[in-house]
$ cat protein-v4.cif   # mmCIF, N, CA, C and O atoms and all ligand atoms
data_model
loop_
_atom_site.label_atom_id
_atom_site.label_comp_id
_atom_site.auth_asym_id
_atom_site.auth_seq_id
_atom_site.Cartn_x
_atom_site.Cartn_y
_atom_site.Cartn_z
N MET A 1 -4.68 -6.44 -30.45
CA MET A 1 -5.51 -6.18 -29.28
C MET A 1 -4.79 -6.72 -28.05
O MET A 1 -4.06 -7.69 -28.13
N ARG A 2 -5.01 -6.02 -26.96
CA ARG A 2 -4.38 -6.45 -25.73
C ARG A 2 -5.45 -6.58 -24.65
O ARG A 2 -6.40 -5.79 -24.60
N ILE A 3 -5.31 -7.58 -23.80
CA ILE A 3 -6.21 -7.74 -22.67
C ILE A 3 -5.42 -7.51 -21.40
O ILE A 3 -4.38 -8.15 -21.17
N ILE A 4 -5.89 -6.57 -20.63
CA ILE A 4 -5.24 -6.24 -19.37
C ILE A 4 -5.83 -7.15 -18.29
O ILE A 4 -7.05 -7.18 -18.10
N VAL A 5 -4.96 -7.89 -17.62
CA VAL A 5 -5.40 -8.85 -16.62
C VAL A 5 -5.31 -8.22 -15.23
O VAL A 5 -4.23 -7.79 -14.80
N HIS A 6 -6.45 -8.14 -14.57
CA HIS A 6 -6.49 -7.66 -13.18
C HIS A 6 -6.55 -8.89 -12.28
O HIS A 6 -7.62 -9.33 -11.85
N LYS A 7 -5.38 -9.44 -12.06
CA LYS A 7 -5.24 -10.72 -11.35
C LYS A 7 -5.92 -10.69 -9.98
O LYS A 7 -6.52 -11.69 -9.56
N ASN A 8 -5.86 -9.55 -9.32
CA ASN A 8 -6.43 -9.45 -7.96
C ASN A 8 -7.95 -9.59 -7.94
O ASN A 8 -8.54 -9.88 -6.90
N LYS A 9 -8.60 -9.40 -9.09
CA LYS A 9 -10.06 -9.54 -9.16
C LYS A 9 -10.51 -10.96 -9.48
O LYS A 9 -11.68 -11.29 -9.31
N CYS A 10 -9.60 -11.78 -9.99
CA CYS A 10 -9.97 -13.12 -10.44
C CYS A 10 -10.45 -13.99 -9.27
O CYS A 10 -9.81 -14.04 -8.22
N GLN A 11 -11.57 -14.67 -9.48
CA GLN A 11 -12.13 -15.56 -8.46
C GLN A 11 -12.13 -17.01 -8.91
O GLN A 11 -12.75 -17.88 -8.27
N GLY A 12 -11.48 -17.28 -10.02
CA GLY A 12 -11.30 -18.66 -10.46
C GLY A 12 -12.53 -19.32 -11.07
O GLY A 12 -12.68 -20.53 -11.00
N HIS A 13 -13.38 -18.54 -11.72
CA HIS A 13 -14.58 -19.13 -12.35
C HIS A 13 -14.26 -19.92 -13.61
O HIS A 13 -15.05 -20.76 -14.03
N ALA A 14 -13.15 -19.58 -14.24
CA ALA A 14 -12.67 -20.25 -15.47
C ALA A 14 -13.60 -20.07 -16.67
O ALA A 14 -13.52 -20.82 -17.63
N ARG A 15 -14.45 -19.09 -16.63
CA ARG A 15 -15.32 -18.85 -17.79
C ARG A 15 -14.52 -18.36 -18.99
O ARG A 15 -14.85 -18.67 -20.13
N CYS A 16 -13.50 -17.56 -18.72
CA CYS A 16 -12.65 -17.07 -19.82
C CYS A 16 -12.00 -18.26 -20.53
O CYS A 16 -11.99 -18.32 -21.76
N TRP A 17 -11.48 -19.16 -19.77
CA TRP A 17 -10.80 -20.34 -20.32
C TRP A 17 -11.80 -21.21 -21.10
O TRP A 17 -11.46 -21.76 -22.15
N ALA A 18 -13.02 -21.33 -20.60
CA ALA A 18 -14.03 -22.14 -21.28
C ALA A 18 -14.33 -21.56 -22.67
O ALA A 18 -14.61 -22.29 -23.61
N GLN A 19 -14.28 -20.24 -22.80
CA GLN A 19 -14.53 -19.58 -24.09
C GLN A 19 -13.33 -19.69 -25.01
O GLN A 19 -13.48 -19.87 -26.21
N ALA A 20 -12.14 -19.54 -24.45
CA ALA A 20 -10.94 -19.47 -25.27
C ALA A 20 -9.75 -20.09 -24.54
O ALA A 20 -8.88 -19.37 -24.02
N PRO A 21 -9.67 -21.41 -24.50
CA PRO A 21 -8.60 -22.07 -23.74
C PRO A 21 -7.21 -21.81 -24.31
O PRO A 21 -6.22 -21.91 -23.58
N GLY A 22 -7.13 -21.43 -25.57
CA GLY A 22 -5.81 -21.16 -26.14
C GLY A 22 -5.30 -19.76 -25.84
O GLY A 22 -4.15 -19.44 -26.12
N ILE A 23 -6.15 -18.93 -25.26
CA ILE A 23 -5.77 -17.54 -25.01
C ILE A 23 -5.60 -17.26 -23.52
O ILE A 23 -4.67 -16.58 -23.11
N PHE A 24 -6.51 -17.81 -22.73
CA PHE A 24 -6.47 -17.54 -21.30
C PHE A 24 -5.87 -18.74 -20.56
O PHE A 24 -6.42 -19.85 -20.63
N ASN A 25 -4.78 -18.49 -19.89
CA ASN A 25 -4.09 -19.57 -19.18
C ASN A 25 -4.35 -19.44 -17.68
O ASN A 25 -4.20 -18.36 -17.10
N LEU A 26 -4.74 -20.57 -17.09
CA LEU A 26 -5.06 -20.59 -15.67
C LEU A 26 -4.02 -21.41 -14.91
O LEU A 26 -3.36 -22.28 -15.48
N ASP A 27 -3.92 -21.14 -13.61
CA ASP A 27 -3.03 -21.95 -12.79
C ASP A 27 -3.77 -23.23 -12.35
O ASP A 27 -4.91 -23.48 -12.76
N ASP A 28 -3.11 -24.05 -11.55
CA ASP A 28 -3.68 -25.34 -11.16
C ASP A 28 -4.97 -25.22 -10.36
O ASP A 28 -5.76 -26.16 -10.27
N GLU A 29 -5.21 -24.04 -9.79
CA GLU A 29 -6.42 -23.84 -8.99
C GLU A 29 -7.50 -23.09 -9.78
O GLU A 29 -8.55 -22.75 -9.22
N GLY A 30 -7.25 -22.84 -11.06
CA GLY A 30 -8.25 -22.22 -11.91
C GLY A 30 -8.24 -20.71 -11.94
O GLY A 30 -9.19 -20.09 -12.43
N TYR A 31 -7.17 -20.10 -11.43
CA TYR A 31 -7.06 -18.64 -11.46
C TYR A 31 -6.21 -18.21 -12.65
O TYR A 31 -5.25 -18.87 -13.02
N ILE A 32 -6.57 -17.07 -13.21
CA ILE A 32 -5.85 -16.55 -14.37
C ILE A 32 -4.39 -16.25 -13.99
O ILE A 32 -4.11 -15.77 -12.89
N LEU A 33 -3.49 -16.55 -14.92
CA LEU A 33 -2.08 -16.24 -14.68
C LEU A 33 -1.87 -14.72 -14.83
O LEU A 33 -2.57 -14.07 -15.61
N PRO A 34 -0.92 -14.17 -14.10
CA PRO A 34 -0.68 -12.71 -14.18
C PRO A 34 -0.05 -12.32 -15.50
O PRO A 34 0.54 -13.14 -16.20
N GLY A 35 -0.20 -11.05 -15.84
CA GLY A 35 0.42 -10.51 -17.05
C GLY A 35 -0.61 -10.26 -18.14
O GLY A 35 -1.53 -11.05 -18.34
N ASP A 36 -0.46 -9.12 -18.82
CA ASP A 36 -1.38 -8.79 -19.91
C ASP A 36 -1.21 -9.76 -21.06
O ASP A 36 -0.17 -10.39 -21.20
N ILE A 37 -2.25 -9.86 -21.87
CA ILE A 37 -2.27 -10.84 -22.96
C ILE A 37 -2.34 -10.11 -24.30
O ILE A 37 -3.27 -9.33 -24.55
N GLU A 38 -1.34 -10.33 -25.13
CA GLU A 38 -1.36 -9.80 -26.49
C GLU A 38 -2.11 -10.80 -27.38
O GLU A 38 -1.77 -11.98 -27.39
N VAL A 39 -3.11 -10.32 -28.07
CA VAL A 39 -3.97 -11.20 -28.86
C VAL A 39 -3.76 -10.95 -30.35
O VAL A 39 -3.83 -9.81 -30.80
N ALA A 40 -3.51 -12.01 -31.09
CA ALA A 40 -3.37 -11.89 -32.54
C ALA A 40 -4.72 -11.50 -33.14
O ALA A 40 -5.78 -11.86 -32.60
N GLU A 41 -4.69 -10.79 -34.25
CA GLU A 41 -5.93 -10.29 -34.84
C GLU A 41 -6.92 -11.42 -35.14
O GLU A 41 -8.12 -11.27 -34.93
N ARG A 42 -6.42 -12.56 -35.57
CA ARG A 42 -7.32 -13.66 -35.91
C ARG A 42 -8.06 -14.21 -34.68
O ARG A 42 -9.08 -14.89 -34.81
N ASP A 43 -7.54 -13.94 -33.48
CA ASP A 43 -8.15 -14.45 -32.25
C ASP A 43 -8.95 -13.40 -31.49
O ASP A 43 -9.43 -13.66 -30.38
N GLU A 44 -9.10 -12.21 -32.06
CA GLU A 44 -9.71 -11.11 -31.31
C GLU A 44 -11.16 -11.38 -30.91
O GLU A 44 -11.57 -11.05 -29.80
N LEU A 45 -11.92 -11.96 -31.79
CA LEU A 45 -13.33 -12.21 -31.46
C LEU A 45 -13.44 -13.19 -30.29
O LEU A 45 -14.19 -12.97 -29.33
N LEU A 46 -12.68 -14.26 -30.38
CA LEU A 46 -12.68 -15.27 -29.32
C LEU A 46 -12.20 -14.67 -27.99
O LEU A 46 -12.81 -14.90 -26.93
N ALA A 47 -11.14 -13.91 -28.06
CA ALA A 47 -10.58 -13.30 -26.85
C ALA A 47 -11.57 -12.31 -26.24
O ALA A 47 -11.72 -12.24 -25.01
N SER A 48 -12.25 -11.59 -27.10
CA SER A 48 -13.23 -10.63 -26.63
C SER A 48 -14.38 -11.34 -25.91
O SER A 48 -14.83 -10.91 -24.85
N ARG A 49 -14.82 -12.43 -26.48
CA ARG A 49 -15.89 -13.22 -25.83
C ARG A 49 -15.44 -13.71 -24.46
O ARG A 49 -16.19 -13.68 -23.49
N GLY A 50 -14.21 -14.20 -24.40
CA GLY A 50 -13.68 -14.70 -23.13
C GLY A 50 -13.59 -13.61 -22.09
O GLY A 50 -13.98 -13.80 -20.93
N ALA A 51 -13.08 -12.45 -22.50
CA ALA A 51 -12.93 -11.34 -21.56
C ALA A 51 -14.29 -10.88 -21.05
O ALA A 51 -14.47 -10.62 -19.85
N ARG A 52 -15.26 -10.81 -21.94
CA ARG A 52 -16.59 -10.34 -21.54
C ARG A 52 -17.35 -11.36 -20.69
O ARG A 52 -18.33 -11.02 -20.04
N SER A 53 -16.90 -12.60 -20.73
CA SER A 53 -17.58 -13.63 -19.94
C SER A 53 -17.17 -13.61 -18.47
O SER A 53 -17.79 -14.29 -17.66
N CYS A 54 -16.15 -12.85 -18.15
CA CYS A 54 -15.66 -12.84 -16.76
C CYS A 54 -16.62 -12.07 -15.86
O CYS A 54 -16.79 -10.86 -16.04
N PRO A 55 -17.23 -12.72 -14.89
CA PRO A 55 -18.19 -12.03 -14.02
C PRO A 55 -17.53 -11.07 -13.03
O PRO A 55 -18.22 -10.24 -12.45
N GLU A 56 -16.24 -11.18 -12.86
CA GLU A 56 -15.52 -10.32 -11.92
C GLU A 56 -14.91 -9.10 -12.60
O GLU A 56 -14.26 -8.28 -11.94
N ARG A 57 -15.06 -9.00 -13.90
CA ARG A 57 -14.43 -7.91 -14.68
C ARG A 57 -12.93 -7.87 -14.45
O ARG A 57 -12.34 -6.79 -14.31
N ALA A 58 -12.35 -9.04 -14.42
CA ALA A 58 -10.89 -9.14 -14.21
C ALA A 58 -10.12 -9.00 -15.52
O ALA A 58 -8.90 -8.89 -15.50
N LEU A 59 -10.84 -9.03 -16.64
CA LEU A 59 -10.20 -8.97 -17.95
C LEU A 59 -10.69 -7.74 -18.69
O LEU A 59 -11.85 -7.65 -19.06
N GLU A 60 -9.80 -6.80 -18.89
CA GLU A 60 -10.16 -5.52 -19.52
C GLU A 60 -9.60 -5.48 -20.94
O GLU A 60 -8.41 -5.69 -21.15
N ILE A 61 -10.47 -5.23 -21.89
CA ILE A 61 -10.03 -5.11 -23.27
C ILE A 61 -9.46 -3.71 -23.47
O ILE A 61 -10.13 -2.71 -23.21
N ASP A 62 -8.19 -3.67 -23.90
CA ASP A 62 -7.51 -2.39 -24.10
C ASP A 62 -7.93 -1.82 -25.44
O ASP A 62 -7.55 -2.34 -26.49
N ALA A 63 -8.72 -0.79 -25.40
CA ALA A 63 -9.19 -0.15 -26.63
C ALA A 63 -8.71 1.29 -26.65
O ALA A 63 -9.48 2.23 -26.67
N THR A 64 -7.40 1.45 -26.62
CA THR A 64 -6.83 2.79 -26.62
C THR A 64 -7.03 3.45 -27.97
O THR A 64 -7.34 2.80 -28.97
N ALA A 65 -6.84 4.73 -28.01
CA ALA A 65 -6.98 5.46 -29.27
C ALA A 65 -6.02 4.90 -30.32
O ALA A 65 -6.37 4.80 -31.49
N ASP A 66 -4.82 4.52 -29.91
CA ASP A 66 -3.86 3.97 -30.87
C ASP A 66 -4.40 2.70 -31.50
O ASP A 66 -4.28 2.49 -32.71
N ALA A 67 -4.96 1.83 -30.68
CA ALA A 67 -5.48 0.57 -31.20
C ALA A 67 -6.64 0.82 -32.16
O ALA A 67 -6.74 0.18 -33.21
N LEU A 68 -7.51 1.74 -31.81
CA LEU A 68 -8.65 2.04 -32.67
C LEU A 68 -8.20 2.68 -33.98
O LEU A 68 -8.72 2.37 -35.05
N LEU A 69 -7.21 3.55 -33.91
CA LEU A 69 -6.69 4.19 -35.11
C LEU A 69 -6.04 3.15 -36.02
O LEU A 69 -6.25 3.16 -37.24
N THR A 70 -5.29 2.25 -35.44
CA THR A 70 -4.65 1.19 -36.22
C THR A 70 -5.70 0.37 -36.94
O THR A 70 -5.57 0.06 -38.13
N ARG A 71 -6.78 0.03 -36.24
CA ARG A 71 -7.85 -0.77 -36.84
C ARG A 71 -8.52 -0.01 -37.98
O ARG A 71 -8.79 -0.55 -39.04
N LEU A 72 -8.78 1.28 -37.77
CA LEU A 72 -9.41 2.09 -38.80
C LEU A 72 -8.54 2.15 -40.05
O LEU A 72 -9.04 1.95 -41.17
N LEU A 73 -7.26 2.40 -39.88
CA LEU A 73 -6.35 2.48 -41.02
C LEU A 73 -6.25 1.14 -41.74
O LEU A 73 -6.22 1.08 -42.97
N PHE A 74 -6.24 0.07 -40.97
CA PHE A 74 -6.16 -1.26 -41.56
C PHE A 74 -7.39 -1.55 -42.41
O PHE A 74 -7.30 -2.02 -43.54
N ASN A 75 -8.56 -1.23 -41.87
CA ASN A 75 -9.80 -1.49 -42.59
C ASN A 75 -9.92 -0.61 -43.84
O ASN A 75 -10.40 -1.05 -44.88
N GLN A 76 -9.44 0.62 -43.74
CA GLN A 76 -9.47 1.51 -44.91
C GLN A 76 -8.56 0.96 -46.00
O GLN A 76 -8.89 0.99 -47.17
N ALA A 77 -7.40 0.44 -45.59
CA ALA A 77 -6.45 -0.10 -46.57
C ALA A 77 -7.04 -1.32 -47.28
O ALA A 77 -6.71 -1.61 -48.43
N ARG A 78 -7.93 -2.01 -46.58
CA ARG A 78 -8.58 -3.18 -47.20
C ARG A 78 -9.79 -2.80 -48.03
O ARG A 78 -10.47 -3.65 -48.59
N GLY A 79 -10.12 -1.52 -48.02
CA GLY A 79 -11.20 -1.05 -48.86
C GLY A 79 -12.53 -0.91 -48.18
O GLY A 79 -13.54 -0.63 -48.80
N GLY A 80 -12.56 -1.07 -46.88
CA GLY A 80 -13.82 -0.93 -46.16
C GLY A 80 -13.63 -0.04 -44.95
O GLY A 80 -12.51 0.17 -44.50
N VAL A 81 -14.68 0.49 -44.45
CA VAL A 81 -14.64 1.32 -43.25
C VAL A 81 -15.53 0.68 -42.23
O VAL A 81 -16.71 0.45 -42.49
N LYS A 82 -14.95 0.36 -41.06
CA LYS A 82 -15.73 -0.24 -39.98
C LYS A 82 -15.51 0.50 -38.70
O LYS A 82 -14.51 1.06 -38.47
S1 LIG A 101 -13.51 -15.77 -15.87
FE1 LIG A 101 -12.60 -14.11 -14.67
S2 LIG A 101 -12.69 -14.80 -12.58
FE2 LIG A 101 -12.90 -16.58 -13.88
S3 LIG A 101 -10.82 -17.39 -14.18
FE3 LIG A 101 -11.26 -16.02 -15.88
S4 LIG A 101 -10.43 -14.07 -15.15
FE4 LIG A 101 -10.67 -15.33 -13.36
#
$ encode --input "protein-v4.cif" --output "structure tokens"
Amino acid sequence: MRIIVHKNKCQGHARCWAQAPGIFNLDDEGYILPGDIEVAERDELLASRGARSCPERALEIDATADALLTRLLFNQARGGVK
């Protein structure tokens, strides 16, 4: 999963960091650092919570068709469909 960071929208609330300090890195003034964030599968739930907690919608969860297809194939290989 990837989180697209819209740095220009960030207002420094630090809610993302409060949810997931290991995923969202802030500068000394509490603003998100620039650059998209690649999230390991084990951290997706936490990262998703952090992204959704942003009141400025500065953190966009990339849910492209490729990502969804990859998830579907992975879940099928594990014997379940989600
Ligand atoms: S919650 Fe949103 S506005 Fe606040 S620091 Fe994180 S990205 Fe910026």
$ residues_near_ligand --input "protein-v4.cif" --ligand "ligand LIG 101 (chain A)" --cutoff "8 Å" --atoms "all atoms listed in the file" --output "VMD selection string"
chain A and resid 5 to 7 9 to 18 24 to 27 29 to 33 50 to 59
$ select_by_dssp --input "protein-v4.cif" --residues "chain A" --states "strand (DSSP E)" --output "PDB file with N, CA, C and O atoms, keeping the file's coordinate frame"
ATOM      1  N   ARG A   2      -5.010  -6.020 -26.960  1.00  0.00           N
ATOM      2  CA  ARG A   2      -4.380  -6.450 -25.730  1.00  0.00           C
ATOM      3  C   ARG A   2      -5.450  -6.580 -24.650  1.00  0.00           C
ATOM      4  O   ARG A   2      -6.400  -5.790 -24.600  1.00  0.00           O
ATOM      5  N   ILE A   3      -5.310  -7.580 -23.800  1.00  0.00           N
ATOM      6  CA  ILE A   3      -6.210  -7.740 -22.670  1.00  0.00           C
ATOM      7  C   ILE A   3      -5.420  -7.510 -21.400  1.00  0.00           C
ATOM      8  O   ILE A   3      -4.380  -8.150 -21.170  1.00  0.00           O
ATOM      9  N   ILE A   4      -5.890  -6.570 -20.630  1.00  0.00           N
ATOM     10  CA  ILE A   4      -5.240  -6.240 -19.370  1.00  0.00           C
ATOM     11  C   ILE A   4      -5.830  -7.150 -18.290  1.00  0.00           C
ATOM     12  O   ILE A   4      -7.050  -7.180 -18.100  1.00  0.00           O
ATOM     13  N   VAL A   5      -4.960  -7.890 -17.620  1.00  0.00           N
ATOM     14  CA  VAL A   5      -5.400  -8.850 -16.620  1.00  0.00           C
ATOM     15  C   VAL A   5      -5.310  -8.220 -15.230  1.00  0.00           C
ATOM     16  O   VAL A   5      -4.230  -7.790 -14.800  1.00  0.00           O
ATOM     17  N   ILE A  37      -2.250  -9.860 -21.870  1.00  0.00           N
ATOM     18  CA  ILE A  37      -2.270 -10.840 -22.960  1.00  0.00           C
ATOM     19  C   ILE A  37      -2.340 -10.110 -24.300  1.00  0.00           C
ATOM     20  O   ILE A  37      -3.270  -9.330 -24.550  1.00  0.00           O
ATOM     21  N   GLU A  38      -1.340 -10.330 -25.130  1.00  0.00           N
ATOM     22  CA  GLU A  38      -1.360  -9.800 -26.490  1.00  0.00           C
ATOM     23  C   GLU A  38      -2.110 -10.800 -27.380  1.00  0.00           C
ATOM     24  O   GLU A  38      -1.770 -11.980 -27.390  1.00  0.00           O
ATOM     25  N   LEU A  59     -10.840  -9.030 -16.640  1.00  0.00           N
ATOM     26  CA  LEU A  59     -10.200  -8.970 -17.950  1.00  0.00           C
ATOM     27  C   LEU A  59     -10.690  -7.740 -18.690  1.00  0.00           C
ATOM     28  O   LEU A  59     -11.850  -7.650 -19.060  1.00  0.00           O
ATOM     29  N   GLU A  60      -9.800  -6.800 -18.890  1.00  0.00           N
ATOM     30  CA  GLU A  60     -10.160  -5.520 -19.520  1.00  0.00           C
ATOM     31  C   GLU A  60      -9.600  -5.480 -20.940  1.00  0.00           C
ATOM     32  O   GLU A  60      -8.410  -5.690 -21.150  1.00  0.00           O
ATOM     33  N   ILE A  61     -10.470  -5.230 -21.890  1.00  0.00           N
ATOM     34  CA  ILE A  61     -10.030  -5.110 -23.270  1.00  0.00           C
ATOM     35  C   ILE A  61      -9.460  -3.710 -23.470  1.00  0.00           C
ATOM     36  O   ILE A  61     -10.130  -2.710 -23.210  1.00  0.00           O
ATOM     37  N   ASP A  62      -8.190  -3.670 -23.900  1.00  0.00           N
ATOM     38  CA  ASP A  62      -7.510  -2.390 -24.100  1.00  0.00           C
ATOM     39  C   ASP A  62      -7.930  -1.820 -25.440  1.00  0.00           C
ATOM     40  O   ASP A  62      -7.550  -2.340 -26.490  1.00  0.00           O
TER      41      ASP A  62
END
$ atom_distance --input "protein-v4.cif" --atom1 "atom C of Glu44 of chain A" --atom2 "atom O of Gly79 of chain A"
21.0 Å
$ closest_residue --input "protein-v4.cif" --among "A:Phe74, A:Asn8, A:Met1, A:Asp28" --to "Leu46 of chain A" --atoms "only C-alpha atoms"
A:Met1
$ closest_residue --input "protein-v4.cif" --among "A:Pro21, A:Pro34, A:Arg78, A:Leu73" --to "Ile3 of chain A" --atoms "only C-alpha atoms"
A:Pro34
$ residues_near_point --input "protein-v4.cif" --point "(-1.5, -12.6, -26.3)" --cutoff "7 Å" --atoms "all atoms listed in the file" --output "list in words"
Met1, Arg2, Ile3, Ile23, Asp36, Ile37, Glu38, Val39 and Ala40 of chain A
$ select_by_dssp --input "protein-v4.cif" --residues "segment 35-79 of chain A" --states "helix (DSSP H, G or I)" --output "mmCIF file with N, CA, C and O atoms, keeping the file's coordinate frame"
data_model
loop_
_atom_site.group_PDB
_atom_site.id
_atom_site.type_symbol
_atom_site.label_atom_id
_atom_site.label_comp_id
_atom_site.auth_asym_id
_atom_site.auth_seq_id
_atom_site.Cartn_x
_atom_site.Cartn_y
_atom_site.Cartn_z
ATOM 1 N N GLU A 41 -4.690 -10.790 -34.250
ATOM 2 C CA GLU A 41 -5.930 -10.290 -34.840
ATOM 3 C C GLU A 41 -6.920 -11.420 -35.140
ATOM 4 O O GLU A 41 -8.120 -11.270 -34.930
ATOM 5 N N ARG A 42 -6.420 -12.560 -35.570
ATOM 6 C CA ARG A 42 -7.320 -13.660 -35.910
ATOM 7 C C ARG A 42 -8.060 -14.210 -34.680
ATOM 8 O O ARG A 42 -9.080 -14.890 -34.810
ATOM 9 N N ASP A 43 -7.540 -13.940 -33.480
ATOM 10 C CA ASP A 43 -8.150 -14.450 -32.250
ATOM 11 C C ASP A 43 -8.950 -13.400 -31.490
ATOM 12 O O ASP A 43 -9.430 -13.660 -30.380
ATOM 13 N N GLU A 44 -9.100 -12.210 -32.060
ATOM 14 C CA GLU A 44 -9.710 -11.110 -31.310
ATOM 15 C C GLU A 44 -11.160 -11.380 -30.910
ATOM 16 O O GLU A 44 -11.570 -11.050 -29.800
ATOM 17 N N LEU A 45 -11.920 -11.960 -31.790
ATOM 18 C CA LEU A 45 -13.330 -12.210 -31.460
ATOM 19 C C LEU A 45 -13.440 -13.190 -30.290
ATOM 20 O O LEU A 45 -14.190 -12.970 -29.330
ATOM 21 N N LEU A 46 -12.680 -14.260 -30.380
ATOM 22 C CA LEU A 46 -12.680 -15.270 -29.320
ATOM 23 C C LEU A 46 -12.200 -14.670 -27.990
ATOM 24 O O LEU A 46 -12.810 -14.900 -26.930
ATOM 25 N N ALA A 47 -11.140 -13.910 -28.060
ATOM 26 C CA ALA A 47 -10.580 -13.300 -26.850
ATOM 27 C C ALA A 47 -11.570 -12.310 -26.240
ATOM 28 O O ALA A 47 -11.720 -12.240 -25.010
ATOM 29 N N SER A 48 -12.250 -11.590 -27.100
ATOM 30 C CA SER A 48 -13.230 -10.630 -26.630
ATOM 31 C C SER A 48 -14.380 -11.340 -25.910
ATOM 32 O O SER A 48 -14.830 -10.910 -24.850
ATOM 33 N N ARG A 49 -14.820 -12.430 -26.480
ATOM 34 C CA ARG A 49 -15.890 -13.220 -25.830
ATOM 35 C C ARG A 49 -15.440 -13.710 -24.460
ATOM 36 O O ARG A 49 -16.190 -13.680 -23.490
ATOM 37 N N GLY A 50 -14.210 -14.200 -24.400
ATOM 38 C CA GLY A 50 -13.680 -14.700 -23.130
ATOM 39 C C GLY A 50 -13.590 -13.610 -22.090
ATOM 40 O O GLY A 50 -13.980 -13.800 -20.930
ATOM 41 N N ALA A 51 -13.080 -12.450 -22.500
ATOM 42 C CA ALA A 51 -12.930 -11.340 -21.560
ATOM 43 C C ALA A 51 -14.290 -10.880 -21.050
ATOM 44 O O ALA A 51 -14.470 -10.620 -19.850
ATOM 45 N N ARG A 52 -15.260 -10.810 -21.940
ATOM 46 C CA ARG A 52 -16.590 -10.340 -21.540
ATOM 47 C C ARG A 52 -17.350 -11.360 -20.690
ATOM 48 O O ARG A 52 -18.330 -11.020 -20.040
ATOM 49 N N ALA A 65 -6.840 4.730 -28.010
ATOM 50 C CA ALA A 65 -6.980 5.460 -29.270
ATOM 51 C C ALA A 65 -6.020 4.900 -30.320
ATOM 52 O O ALA A 65 -6.370 4.800 -31.490
ATOM 53 N N ASP A 66 -4.820 4.520 -29.910
ATOM 54 C CA ASP A 66 -3.860 3.970 -30.870
ATOM 55 C C ASP A 66 -4.400 2.700 -31.500
ATOM 56 O O ASP A 66 -4.280 2.490 -32.710
ATOM 57 N N ALA A 67 -4.960 1.830 -30.680
ATOM 58 C CA ALA A 67 -5.480 0.570 -31.200
ATOM 59 C C ALA A 67 -6.640 0.820 -32.160
ATOM 60 O O ALA A 67 -6.740 0.180 -33.210
ATOM 61 N N LEU A 68 -7.510 1.740 -31.810
ATOM 62 C CA LEU A 68 -8.650 2.040 -32.670
ATOM 63 C C LEU A 68 -8.200 2.680 -33.980
ATOM 64 O O LEU A 68 -8.720 2.370 -35.050
ATOM 65 N N LEU A 69 -7.210 3.550 -33.910
ATOM 66 C CA LEU A 69 -6.690 4.190 -35.110
ATOM 67 C C LEU A 69 -6.040 3.150 -36.020
ATOM 68 O O LEU A 69 -6.250 3.160 -37.240
ATOM 69 N N THR A 70 -5.290 2.250 -35.440
ATOM 70 C CA THR A 70 -4.650 1.190 -36.220
ATOM 71 C C THR A 70 -5.700 0.370 -36.940
ATOM 72 O O THR A 70 -5.570 0.060 -38.130
ATOM 73 N N ARG A 71 -6.780 0.030 -36.240
ATOM 74 C CA ARG A 71 -7.850 -0.770 -36.840
ATOM 75 C C ARG A 71 -8.520 -0.010 -37.980
ATOM 76 O O ARG A 71 -8.790 -0.550 -39.040
ATOM 77 N N LEU A 72 -8.780 1.280 -37.770
ATOM 78 C CA LEU A 72 -9.410 2.090 -38.800
ATOM 79 C C LEU A 72 -8.540 2.150 -40.050
ATOM 80 O O LEU A 72 -9.040 1.950 -41.170
ATOM 81 N N LEU A 73 -7.260 2.400 -39.880
ATOM 82 C CA LEU A 73 -6.350 2.480 -41.020
ATOM 83 C C LEU A 73 -6.250 1.140 -41.740
ATOM 84 O O LEU A 73 -6.220 1.080 -42.970
ATOM 85 N N PHE A 74 -6.240 0.070 -40.970
ATOM 86 C CA PHE A 74 -6.160 -1.260 -41.560
ATOM 87 C C PHE A 74 -7.390 -1.550 -42.410
ATOM 88 O O PHE A 74 -7.300 -2.020 -43.540
ATOM 89 N N ASN A 75 -8.560 -1.230 -41.870
ATOM 90 C CA ASN A 75 -9.800 -1.490 -42.590
ATOM 91 C C ASN A 75 -9.920 -0.610 -43.840
ATOM 92 O O ASN A 75 -10.400 -1.050 -44.880
ATOM 93 N N GLN A 76 -9.440 0.620 -43.740
ATOM 94 C CA GLN A 76 -9.470 1.510 -44.910
ATOM 95 C C GLN A 76 -8.560 0.960 -46.000
ATOM 96 O O GLN A 76 -8.890 0.990 -47.170
ATOM 97 N N ALA A 77 -7.400 0.440 -45.590
ATOM 98 C CA ALA A 77 -6.450 -0.100 -46.570
ATOM 99 C C ALA A 77 -7.040 -1.320 -47.280
ATOM 100 O O ALA A 77 -6.710 -1.610 -48.430
#
$ decode --input "protein-v4.cif" --residues "segment 48-52 of chain A" --atoms "N, CA, C and O atoms" --output "JSON list (two decimals), in the first residue's frame"
[["chain", "number", "residue", "atom", "x", "y", "z"],
["A", 48, "SER", "N", -3.52, 3.17, 7.55],
["A", 48, "SER", "CA", -4.83, 3.59, 7.08],
["A", 48, "SER", "C", -5.53, 4.46, 8.14],
["A", 48, "SER", "O", -6.12, 5.49, 7.83],
["A", 49, "ARG", "N", -5.43, 4.03, 9.38],
["A", 49, "ARG", "CA", -6.02, 4.84, 10.47],
["A", 49, "ARG", "C", -5.38, 6.22, 10.54],
["A", 49, "ARG", "O", -6.06, 7.22, 10.72],
["A", 50, "GLY", "N", -4.07, 6.26, 10.40],
["A", 50, "GLY", "CA", -3.36, 7.54, 10.45],
["A", 50, "GLY", "C", -3.77, 8.45, 9.31],
["A", 50, "GLY", "O", -4.03, 9.64, 9.51],
["A", 51, "ALA", "N", -3.85, 7.88, 8.11],
["A", 51, "ALA", "CA", -4.21, 8.68, 6.94],
["A", 51, "ALA", "C", -5.63, 9.22, 7.09],
["A", 51, "ALA", "O", -5.90, 10.39, 6.79],
["A", 52, "ARG", "N", -6.53, 8.39, 7.58],
["A", 52, "ARG", "CA", -7.93, 8.82, 7.71],
["A", 52, "ARG", "C", -8.13, 9.82, 8.85],
["A", 52, "ARG", "O", -9.16, 10.49, 8.91]]
